[in-house]
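Next up, query-v9.cif (mmCIF, C-alpha atoms):
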```
data_work
loop_
_atom_site.label_atom_id
_atom_site.label_comp_id
_atom_site.auth_asym_id
_atom_site.auth_seq_id
_atom_site.Cartn_x
_atom_site.Cartn_y
_atom_site.Cartn_z
CA MET A 270 -18.68 -12.28 -2.25
CA THR A 271 -18.73 -13.35 -5.90
CA GLN A 272 -20.02 -9.91 -6.86
CA PHE A 273 -16.59 -8.50 -6.08
CA PHE A 274 -14.66 -8.98 -9.29
CA ASN A 275 -11.88 -6.68 -10.35
CA PRO A 276 -11.30 -6.69 -14.12
CA ALA A 277 -9.05 -3.63 -13.83
CA GLY A 278 -6.74 -5.08 -11.20
CA GLN A 279 -3.64 -4.45 -13.29
CA LYS A 280 -4.04 -0.68 -12.91
CA THR A 281 -4.26 -0.92 -9.13
CA LEU A 282 -1.48 -1.60 -6.63
CA PHE A 283 -2.39 -2.59 -3.07
CA ILE A 284 0.27 -1.86 -0.44
CA VAL A 285 0.02 -4.37 2.40
CA GLY A 286 2.26 -5.07 5.35
CA CYS A 287 3.48 -7.65 7.83
CA ASP A 288 2.06 -5.63 10.75
CA THR A 289 1.01 -2.16 11.83
CA GLU A 290 3.60 0.63 11.76
CA VAL A 291 5.90 -1.15 9.30
CA GLY A 292 6.13 1.47 6.55
CA LYS A 293 3.02 1.00 4.41
CA THR A 294 2.20 4.71 4.50
CA VAL A 295 5.79 5.73 3.70
CA THR A 296 5.91 3.24 0.81
CA THR A 297 2.57 4.41 -0.58
CA SER A 298 3.60 8.06 -0.19
CA ALA A 299 6.87 7.41 -2.00
CA LEU A 300 5.07 5.76 -4.92
CA ALA A 301 2.56 8.61 -5.08
CA ALA A 302 5.34 11.21 -4.98
CA TYR A 303 7.14 9.33 -7.75
CA TRP A 304 3.95 9.39 -9.84
CA GLN A 305 3.53 13.12 -9.27
CA ARG A 306 7.12 13.84 -10.27
CA TYR A 307 7.56 11.55 -13.27
CA TYR A 308 3.99 11.37 -14.63
CA PRO A 309 2.61 14.81 -13.76
CA HIS A 310 -0.04 14.83 -16.48
CA GLN A 311 -1.53 11.45 -15.60
CA SER A 312 -4.16 11.17 -12.93
CA LEU A 313 -3.95 9.00 -9.83
CA GLY A 314 -6.46 7.67 -7.36
CA LEU A 315 -5.04 7.32 -3.85
CA MET A 316 -7.10 5.41 -1.32
CA LYS A 317 -6.76 4.13 2.22
CA LEU A 318 -8.84 0.95 2.38
CA LEU A 319 -10.44 2.18 5.58
CA GLN A 320 -9.17 3.95 8.68
CA THR A 321 -9.58 3.71 12.42
CA GLY A 322 -8.31 6.63 14.44
CA VAL A 323 -6.43 9.41 12.67
CA GLY A 324 -3.23 9.56 10.67
CA ASP A 325 -2.95 8.14 7.17
CA ASP A 326 -5.86 9.89 5.46
CA GLU A 327 -4.82 13.21 6.97
CA HIS A 328 -1.23 12.60 5.83
CA TYR A 329 -2.29 11.87 2.26
CA GLN A 330 -4.62 14.85 2.14
CA HIS A 331 -1.81 17.12 3.33
CA LEU A 332 0.70 15.84 0.76
CA PHE A 333 -1.52 15.21 -2.27
CA GLY A 334 -5.02 16.52 -1.62
CA ASP A 335 -4.54 19.72 -3.64
CA ILE A 336 -3.55 18.06 -6.93
CA ASP A 337 -6.37 18.86 -9.35
CA HIS A 338 -6.43 15.66 -11.41
CA TRP A 339 -5.91 13.33 -8.45
CA GLU A 340 -8.44 11.94 -6.01
CA VAL A 341 -7.41 11.17 -2.43
CA VAL A 342 -10.07 9.35 -0.45
CA THR A 343 -10.75 7.09 2.52
CA PRO A 344 -14.26 5.68 2.04
CA LEU A 345 -14.81 4.51 5.63
CA LYS A 346 -13.42 6.11 8.80
CA PHE A 347 -13.91 5.25 12.45
CA ALA A 348 -12.74 7.36 15.38
CA THR A 349 -11.64 4.48 17.64
CA PRO A 350 -8.04 3.38 16.88
CA VAL A 351 -8.58 -0.39 17.10
CA ALA A 352 -9.38 -3.20 14.65
CA PRO A 353 -12.24 -2.12 12.33
CA PRO A 354 -14.84 -4.65 13.55
CA ILE A 355 -14.23 -3.59 17.15
CA ALA A 356 -14.27 0.13 16.24
CA ALA A 357 -17.52 -0.28 14.34
CA GLU A 358 -19.16 -2.15 17.22
CA ARG A 359 -18.11 0.43 19.79
CA GLU A 360 -19.39 3.27 17.62
CA GLY A 361 -22.64 1.53 16.74
CA LYS A 362 -21.83 1.46 13.02
CA LEU A 363 -21.56 -1.11 10.28
CA ILE A 364 -18.62 -1.81 7.97
CA ASP A 365 -20.18 -1.60 4.53
CA LEU A 366 -17.43 -3.07 2.37
CA ALA A 367 -19.57 -2.47 -0.72
CA VAL A 368 -18.93 1.26 -0.24
CA VAL A 369 -15.17 0.62 -0.31
CA TRP A 370 -15.51 -1.59 -3.39
CA GLN A 371 -17.63 0.98 -5.23
CA THR A 372 -15.12 3.71 -4.39
CA LEU A 373 -12.31 1.58 -5.77
CA GLN A 374 -14.25 0.90 -8.97
CA ARG A 375 -14.90 4.61 -9.43
CA LEU A 376 -11.22 5.44 -8.96
CA GLN A 377 -10.24 2.75 -11.47
CA LYS A 378 -12.70 4.14 -13.99
CA ASN A 379 -11.65 7.77 -13.59
CA HIS A 380 -7.86 7.56 -13.15
CA GLN A 381 -4.91 6.06 -15.01
CA ARG A 382 -3.69 4.24 -11.89
CA VAL A 383 -4.87 3.62 -8.33
CA LEU A 384 -2.76 3.15 -5.20
CA VAL A 385 -4.45 1.60 -2.19
CA GLU A 386 -2.96 1.31 1.29
CA GLY A 387 -4.15 -1.53 3.47
CA LEU A 388 -4.30 -1.61 7.25
CA GLY A 389 -2.39 -3.64 9.78
CA SER A 390 -1.11 -6.93 8.40
CA LEU A 391 -2.53 -9.34 5.84
CA GLY A 392 -4.11 -11.16 8.78
CA SER A 393 -5.80 -8.06 10.21
CA PRO A 394 -9.61 -8.24 10.26
CA VAL A 395 -11.44 -5.81 7.99
CA THR A 396 -14.90 -7.11 8.87
CA ASP A 397 -16.15 -9.86 11.18
CA GLU A 398 -15.59 -12.32 8.34
CA LEU A 399 -12.76 -11.01 6.14
CA THR A 400 -9.11 -10.19 6.66
CA VAL A 401 -6.96 -7.88 4.53
CA ALA A 402 -5.66 -10.98 2.73
CA ASP A 403 -9.22 -12.09 1.98
CA VAL A 404 -10.08 -8.70 0.48
CA ALA A 405 -6.90 -8.63 -1.63
CA GLY A 406 -7.59 -12.13 -2.93
CA LEU A 407 -11.28 -11.64 -3.63
CA TRP A 408 -10.69 -8.33 -5.38
CA ARG A 409 -7.76 -9.74 -7.39
CA LEU A 410 -5.44 -6.87 -6.58
CA ASP A 411 -1.71 -6.85 -7.32
CA CYS A 412 0.02 -6.41 -3.96
CA LEU A 413 3.36 -5.31 -2.55
CA LEU A 414 4.23 -6.64 0.90
CA VAL A 415 6.13 -4.22 3.16
CA VAL A 416 8.48 -6.07 5.48
CA PRO A 417 9.94 -4.20 8.48
CA VAL A 418 13.69 -4.51 8.92
CA LYS A 419 13.89 -5.83 12.47
CA LEU A 420 14.79 -8.99 14.33
CA GLY A 421 12.25 -11.65 13.37
CA ALA A 422 11.38 -10.03 10.03
CA ILE A 423 12.22 -13.11 7.97
CA GLY A 424 9.91 -15.41 9.89
CA GLN A 425 7.18 -12.78 9.92
CA ALA A 426 7.44 -12.33 6.15
CA ILE A 427 7.37 -16.09 5.49
CA ALA A 428 4.19 -16.41 7.58
CA GLN A 429 2.52 -13.50 5.82
CA VAL A 430 3.36 -14.88 2.39
CA ALA A 431 1.94 -18.28 3.40
CA LEU A 432 -1.29 -16.55 4.46
CA ALA A 433 -1.34 -14.61 1.19
CA ARG A 434 -1.05 -17.80 -0.85
CA GLN A 435 -3.83 -19.43 1.11
CA ALA A 436 -6.06 -16.45 0.25
CA LYS A 437 -4.87 -16.42 -3.39
CA VAL A 438 -3.33 -12.96 -3.06
CA ALA A 439 -1.34 -11.77 -6.08
CA LEU A 440 1.85 -10.77 -4.28
CA LYS A 441 4.30 -9.18 -6.73
CA GLY A 442 7.24 -8.54 -4.46
CA LEU A 443 8.62 -7.47 -1.12
CA ILE A 444 9.69 -4.01 0.00
CA LEU A 445 12.03 -3.80 2.99
CA SER A 446 11.32 -0.85 5.27
CA CYS A 447 13.76 0.64 7.76
CA GLY A 448 11.77 2.13 10.61
CA SER A 449 14.78 3.10 12.70
CA PRO A 450 18.32 4.39 12.06
CA GLU A 451 19.86 1.12 13.24
CA ALA A 452 17.72 -0.93 10.87
CA GLU A 453 19.85 0.06 7.88
CA GLN A 454 22.99 -1.10 9.69
CA HIS A 455 21.46 -4.52 10.39
CA LEU A 456 19.77 -5.03 7.03
CA ASP A 457 21.76 -8.15 6.12
CA ASP A 458 21.29 -9.65 9.58
CA TRP A 459 17.59 -8.97 10.18
CA ALA A 460 16.12 -9.08 6.65
CA ALA A 461 18.63 -10.68 4.30
CA SER A 462 17.24 -10.43 0.78
CA PRO A 463 18.63 -13.80 -0.49
CA MET A 464 17.00 -15.66 2.39
CA LEU A 465 13.70 -13.81 2.01
CA GLU A 466 13.63 -14.57 -1.71
CA GLN A 467 14.55 -18.21 -1.15
CA PHE A 468 11.80 -18.87 1.41
CA THR A 469 9.05 -16.73 -0.11
CA GLY A 470 9.72 -17.21 -3.81
CA LEU A 471 9.23 -13.46 -4.27
CA PRO A 472 11.66 -10.76 -5.40
CA VAL A 473 12.84 -8.10 -3.00
CA LEU A 474 12.19 -4.92 -4.99
CA GLY A 475 14.23 -2.62 -2.81
CA VAL A 476 14.64 -0.89 0.52
CA ILE A 477 12.87 2.11 2.00
CA PRO A 478 15.60 3.82 4.07
CA TYR A 479 14.95 5.32 7.47
CA LEU A 480 13.14 8.63 7.02
CA THR A 481 12.64 11.25 9.69
CA ALA A 482 9.25 12.92 10.22
CA ALA A 483 10.48 15.83 8.07
CA ASP A 484 11.71 13.45 5.35
CA ARG A 485 8.26 11.88 5.17
CA GLN A 486 6.85 15.27 4.21
CA ASP A 487 9.46 15.96 1.50
CA LEU A 488 7.96 15.01 -1.87
CA ALA A 489 11.27 15.21 -3.73
CA GLN A 490 12.95 12.88 -1.27
CA LEU A 491 10.00 10.49 -1.28
CA ALA A 492 10.05 10.38 -5.09
CA GLN A 493 13.75 9.55 -5.06
CA VAL A 494 13.15 6.74 -2.58
CA ALA A 495 10.64 5.19 -4.99
CA ALA A 496 12.94 5.79 -7.97
CA ASP A 497 15.55 3.61 -6.27
CA LEU A 498 13.15 0.65 -6.14
CA HIS A 499 12.85 -1.95 -8.92
CA LEU A 500 9.50 -0.72 -10.24
CA ALA A 501 9.89 -1.86 -13.85
CA SER A 502 8.92 -5.42 -12.94
CA LEU A 503 5.47 -4.32 -11.73
CA THR A 504 2.49 -4.44 -14.09
CA PHE A 505 1.43 -1.14 -12.52
CA PHE A 506 4.30 0.58 -14.37
CA ALA A 507 4.67 -1.81 -17.32
CA ASP A 508 3.10 0.22 -20.15
CA LEU A 509 4.34 3.65 -19.05
CA PRO A 510 7.03 5.60 -20.93
CA LEU A 511 10.48 5.89 -19.44
CA ALA A 512 10.23 8.22 -16.48
CA THR A 513 11.95 11.60 -16.90
CA PRO A 514 12.12 14.29 -14.21
CA VAL A 515 10.11 17.49 -14.89
#
```
Rewrite the coordinates I just gave you, this time as structure tokens.
Amino acid sequence: MTQFFNPAGQKTLFIVGCDTEVGKTVTTSALAAYWQRYYPHQSLGLMKLLQTGVGDDEHYQHLFGDIDHWEVVTPLKFATPVAPPIAAEREGKLIDLAVVWQTLQRLQKNHQRVLVEGLGSLGSPVTDELTVADVAGLWRLDCLLVVPVKLGAIGQAIAQVALARQAKVALKGLILSCGSPEAEQHLDDWAASPMLEQFTGLPVLGVIPYLTAADRQDLAQLAQVAADLHLASLTFFADLPLATPV
């Protein structure tokens, strides 16, 4: 895997999660909507690492697929909604990770910034040999870890961060994601920021509030959600001018 080297990692942000259905797509959509609103003349590459079943790619195409100077792509897709190695085996296909890597390199070359959404958790298998954490570490991608606000979130986050460090993943911070209305009410009980920061050594960069299905389609609301996060500390945004609404 030594051929996978990412010299442009600082212009790419990889959104990873503690599990499936924890808010990776909402977080990525919010960051993309923020980019569209505050940096409308700068291009963006938006990529799902790979997809099994349907959902994320279709969502991104619906929200952002018509923007002329953007590129929204999922390089590998499988119909069966299970772990990629199992989906590939059942469909008689191979997971050619080189295709994903080449797509990422092309996006980095052609666009000012690239957002990539992972799949499952950092421990989820991408191939028979590599997990999401392995890919993030080998490709030297700056990562944000999305932590669901629920009972057990702190322990789950600590375990994911330990896995990330083992795989030499460049985790830049945690995003707390409220997947239910009650999650916001129990934020300090289920995902207390001071405790998460103490045990992981990473900053909590903000909270994604609970969003309804309609909210998740509202670009203005998504952009505001991202604007409320502490984005200035990320290299992804470091050399950009102060954001001003258009």
Shell around segment 310-325 of chain A at 8 Å using all atoms listed in the file, local window under 3 positions removed, as a VMD selection string
chain A and resid 294 301 304 328 to 329 338 to 353 356 369 373 376 to 377 380 to 388
Applied to this file, what does the PyMOL selection byres ((chain A and resi 302) around 9) return in terms of residues, put as a PyMOL selection string?
chain A and resi 297-301+303-307+332-333+488-493+495
Suppose a student applies the PyMOL selection byres ((chain A and resi 440-457) around 9) to this structure; what residues should they get, written as number ranges by chain?
A: 290-293, 295-296, 410-420, 426, 430, 433-434, 437-439, 458-462, 465-466, 471-481, 498, 502-504
Point-to-point distance in Å for atom CA of Pro309 of chain A and atom CA of Gln374 of chain A
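Separating atom CA of Gln374 of chain A from atom CA of Pro309 of chain A is a distance of 22.4 Å.
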From the set A:Asp497, A:Ala402, A:Ser393, A:Phe506, which residue has the shortest atom-to-atom contact distance to Leu282 of chain A, counting only C-alpha atoms?
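With only C-alpha atoms as the atom set, the closest residue is A:Phe506.
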Rounded to one decimal in Å, what is the spacing between atom CA of Ser390 of chain A and atom CA of Val285 of chain A?
6.6 Å
Rounded to one decimal place, report the atom CA of Val404 of chain A-atom CA of Pro354 of chain A distance in Å.
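Atom-to-atom, atom CA of Val404 of chain A and atom CA of Pro354 of chain A are spaced 14.5 Å apart.
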